[in-house]
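**Student:** Structure in structure tokens, see below.
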Amino acid sequence: MKRELVISKIREGTVIDHISAGKALLVLRILGIRAGSKERVSMVMNVPSKKIGKKDIVKVEGKFINKDELNKIALIAPNATINLIKDYEIKKKFKVKPPEIIEGILTCPNRNCISNSNEPIKPRFHIFIEGNRVIARCYYCGKKIKDVDKFIV
């Protein structure tokens with residue numbers, strides 16, 4: 001007998017599917033959901049996926065993600081699909097797409113970079129995909145970041 005995990009539908013909110021395995025907790029942090037938050041959240045981690053092998057899924061009742069949150073999620077889960085739910089039905093569904101340039105989302109790991117000085121400069125990065133991985137390159141010093149999830153503000 002095959003057993004499946006069943007998670008109830010949400011009435012209104014956001015479902016983020018095809019998150020890279022193990023990144024669901026980071027997605028919750030990006031969304032500002034922590035212990036004591038009021039939102040009702042369902043999360044599954046490391047479940048089988050035909051597309052990416054293993055994936056995580058996050059459902060958040062009563063929350064619709066903004067552009068900044070969407071850009072951060074696209075950096076750590078470039079294969080993610082966003083479903084916006086109203087009255088228990090998908091009203092909008094789309095794949096995330098990392099922007100070509102981001103500002104104020106990552107910090108540069110180069111301590112000598114001007115973006116880490118006292119100058120009034122926002123960190124800026126060029127974003128590109130290598131294989132299935134998001135890579136960021138600092139606009140100011142050229143430093144490449146391969147593990148972008150460690151440098152999200």
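In the structure tokens, chains take the letters A, B, ... in the order shown, each chain's residues start at 1, and ligands count up from 1 in the order shown.
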Could you make a table, as a tab-separated table, of the residues of segment 92-147 of chain A that have an atom within 12 Å of an atom of segment 74-82 of chain A, each with its nearest atom pair and distance in Å to one decimal, counting only C-alpha atoms, in chain and number order?
**Tutor:**
residue	atom	partner	partner_atom	distance
A:Lys92	CA	A:Ile82	CA	8.0
A:Lys93	CA	A:Ile82	CA	5.6
A:Phe94	CA	A:Ile82	CA	5.4
A:Lys95	CA	A:Thr81	CA	4.3
A:Val96	CA	A:Ala74	CA	5.4
A:Lys97	CA	A:Ala74	CA	5.8
A:Pro98	CA	A:Ala74	CA	4.9
A:Pro99	CA	A:Ala74	CA	8.1
A:Glu100	CA	A:Leu75	CA	10.7
A:Ile101	CA	A:Leu75	CA	11.2
A:Ile102	CA	A:Leu75	CA	9.9
A:Ile105	CA	A:Leu75	CA	9.7
A:Leu106	CA	A:Leu75	CA	9.8
A:Phe125	CA	A:Leu75	CA	11.5
A:His126	CA	A:Leu75	CA	11.6
A:Ile127	CA	A:Leu75	CA	8.5
A:Phe128	CA	A:Leu75	CA	9.7
A:Ile129	CA	A:Pro78	CA	8.7
A:Glu130	CA	A:Pro78	CA	11.1
A:Gly131	CA	A:Pro78	CA	10.7
A:Asn132	CA	A:Pro78	CA	7.6
A:Arg133	CA	A:Pro78	CA	7.5
A:Val134	CA	A:Leu75	CA	6.1
A:Ile135	CA	A:Leu75	CA	8.4
A:Ala136	CA	A:Leu75	CA	8.9
A:Ile145	CA	A:Leu75	CA	11.3
A:Lys146	CA	A:Ile76	CA	10.6
A:Asp147	CA	A:Ile76	CA	8.6
**Student:** Which parts of chain A does DSSP call helix (DSSP H, G or I) when run on the backbone here, written out as number ranges by chain?
**Tutor:** A: 24-30, 67-76, 114-116, 148-151
**Student:** Choose the residue, out of A:Ala35, A:Ala24, A:Val153, A:Val60, that has the smallest atom-to-atom separation from Cys108 of chain A; count only C-alpha atoms.
**Tutor:**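 Closest to Cys108 of chain A of all the choices is A:Val153.
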**Student:** Pick the closest to Lys51 of chain A from A:Thr14, A:Ser20, A:Ser8, A:Asn116: which is it, counting only C-alpha atoms?
**Tutor:**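 Nearest candidate to Lys51 of chain A out of A:Thr14, A:Ser20, A:Ser8, A:Asn116: A:Ser20.
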**Student:** Between atom CA of Asp17 of chain A and atom CA of Asn71 of chain A, measure the distance and give it in Å to one decimal.
**Tutor:**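 Taking atom CA of Asp17 of chain A and atom CA of Asn71 of chain A, their separation equals 15.2 Å.
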**Student:** Tell me, which residues of segment 28-147 of chain A carry DSSP strand (DSSP E), written as a count of residues only?
**Tutor:** 49
**Student:** Write out as a ChimeraX atom specification the residues lying within 10 Å of Gly53 of chain A, counting only C-alpha atoms and excluding same-chain residues fewer than 4 positions away.
**Tutor:** /A:18,20-21,46-49
**Student:** Suppose you want the space between atom CA of Ile10 of chain A and atom CA of Asp68 of chain A; what is it in Å?
**Tutor:**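 Here the two named atoms are 23.0 Å from each other.
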**Student:** If I take atom CA of Glu12 of chain A and atom CA of Glu39 of chain A, how far is one from the other in Å, to one decimal?
**Tutor:** 11.3 Å
**Student:** May I have the residues within 9 Å of Lys59 of chain A as a PyMOL selection string, using only C-alpha atoms and disregarding those fewer than 3 positions away in the same chain?
**Tutor:** chain A and resi 9-10+13-17+40-43
**Student:** What would the file look like if the residues just selected were written as a PDB file, in the first residue's frame with N, CA, C and O atoms?
**Tutor:**
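Listing of result09.pdb after writing:
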ATOM      1  N   LYS A   9      -5.373  22.131   1.768  1.00  0.00           N
ATOM      2  CA  LYS A   9      -5.335  23.307   0.900  1.00  0.00           C
ATOM      3  C   LYS A   9      -5.414  24.564   1.745  1.00  0.00           C
ATOM      4  O   LYS A   9      -5.941  24.542   2.857  1.00  0.00           O
ATOM      5  N   ILE A  10      -4.889  25.654   1.190  1.00  0.00           N
ATOM      6  CA  ILE A  10      -5.031  26.927   1.883  1.00  0.00           C
ATOM      7  C   ILE A  10      -6.112  27.743   1.188  1.00  0.00           C
ATOM      8  O   ILE A  10      -6.322  27.618  -0.020  1.00  0.00           O
ATOM      9  N   GLY A  13      -3.447  32.743   0.019  1.00  0.00           N
ATOM     10  CA  GLY A  13      -2.036  32.904   0.363  1.00  0.00           C
ATOM     11  C   GLY A  13      -1.136  32.455  -0.763  1.00  0.00           C
ATOM     12  O   GLY A  13      -1.500  32.505  -1.936  1.00  0.00           O
ATOM     13  N   THR A  14       0.045  31.975  -0.383  1.00  0.00           N
ATOM     14  CA  THR A  14       1.077  31.633  -1.348  1.00  0.00           C
ATOM     15  C   THR A  14       1.593  30.223  -1.119  1.00  0.00           C
ATOM     16  O   THR A  14       1.830  29.825   0.019  1.00  0.00           O
ATOM     17  N   VAL A  15       1.757  29.497  -2.212  1.00  0.00           N
ATOM     18  CA  VAL A  15       2.403  28.189  -2.189  1.00  0.00           C
ATOM     19  C   VAL A  15       3.665  28.309  -3.025  1.00  0.00           C
ATOM     20  O   VAL A  15       3.619  28.759  -4.169  1.00  0.00           O
ATOM     21  N   ILE A  16       4.787  27.933  -2.433  1.00  0.00           N
ATOM     22  CA  ILE A  16       6.062  27.961  -3.146  1.00  0.00           C
ATOM     23  C   ILE A  16       6.504  26.515  -3.310  1.00  0.00           C
ATOM     24  O   ILE A  16       6.788  25.829  -2.329  1.00  0.00           O
ATOM     25  N   ASP A  17       6.525  26.052  -4.544  1.00  0.00           N
ATOM     26  CA  ASP A  17       6.836  24.663  -4.867  1.00  0.00           C
ATOM     27  C   ASP A  17       8.181  24.603  -5.593  1.00  0.00           C
ATOM     28  O   ASP A  17       8.654  25.606  -6.118  1.00  0.00           O
ATOM     29  N   ARG A  40      -0.307  30.830   9.309  1.00  0.00           N
ATOM     30  CA  ARG A  40      -0.384  29.374   9.336  1.00  0.00           C
ATOM     31  C   ARG A  40       0.496  28.872   8.200  1.00  0.00           C
ATOM     32  O   ARG A  40       0.320  29.253   7.044  1.00  0.00           O
ATOM     33  N   VAL A  41       1.459  28.029   8.533  1.00  0.00           N
ATOM     34  CA  VAL A  41       2.460  27.578   7.569  1.00  0.00           C
ATOM     35  C   VAL A  41       2.466  26.059   7.506  1.00  0.00           C
ATOM     36  O   VAL A  41       2.429  25.384   8.532  1.00  0.00           O
ATOM     37  N   SER A  42       2.541  25.538   6.276  1.00  0.00           N
ATOM     38  CA  SER A  42       2.781  24.111   6.055  1.00  0.00           C
ATOM     39  C   SER A  42       4.083  24.015   5.280  1.00  0.00           C
ATOM     40  O   SER A  42       4.319  24.781   4.350  1.00  0.00           O
ATOM     41  N   MET A  43       4.918  23.080   5.680  1.00  0.00           N
ATOM     42  CA  MET A  43       6.214  22.943   5.021  1.00  0.00           C
ATOM     43  C   MET A  43       6.561  21.468   4.933  1.00  0.00           C
ATOM     44  O   MET A  43       6.372  20.721   5.900  1.00  0.00           O
TER      45      MET A  43
END
**Student:** Can you list, as an mmCIF file with C-alpha atoms, in the first residue's frame, every protein, DNA or RNA residue that comes within 9 Å of Lys143 of chain A when you count only C-alpha atoms, leaving out same-chain residues fewer than 5 positions away?
**Tutor:**
data_model
loop_
_atom_site.group_PDB
_atom_site.id
_atom_site.type_symbol
_atom_site.label_atom_id
_atom_site.label_comp_id
_atom_site.auth_asym_id
_atom_site.auth_seq_id
_atom_site.Cartn_x
_atom_site.Cartn_y
_atom_site.Cartn_z
ATOM 1 C CA CYS A 108 29.872 41.125 -0.832
ATOM 2 C CA PRO A 109 32.249 38.637 0.844
ATOM 3 C CA ASN A 110 35.244 40.814 -0.136
ATOM 4 C CA CYS A 113 34.974 45.984 -1.552
ATOM 5 C CA ALA A 136 26.357 36.460 -8.309
ATOM 6 C CA ARG A 137 29.248 38.729 -9.332
ATOM 7 C CA CYS A 138 29.861 41.963 -7.446
#
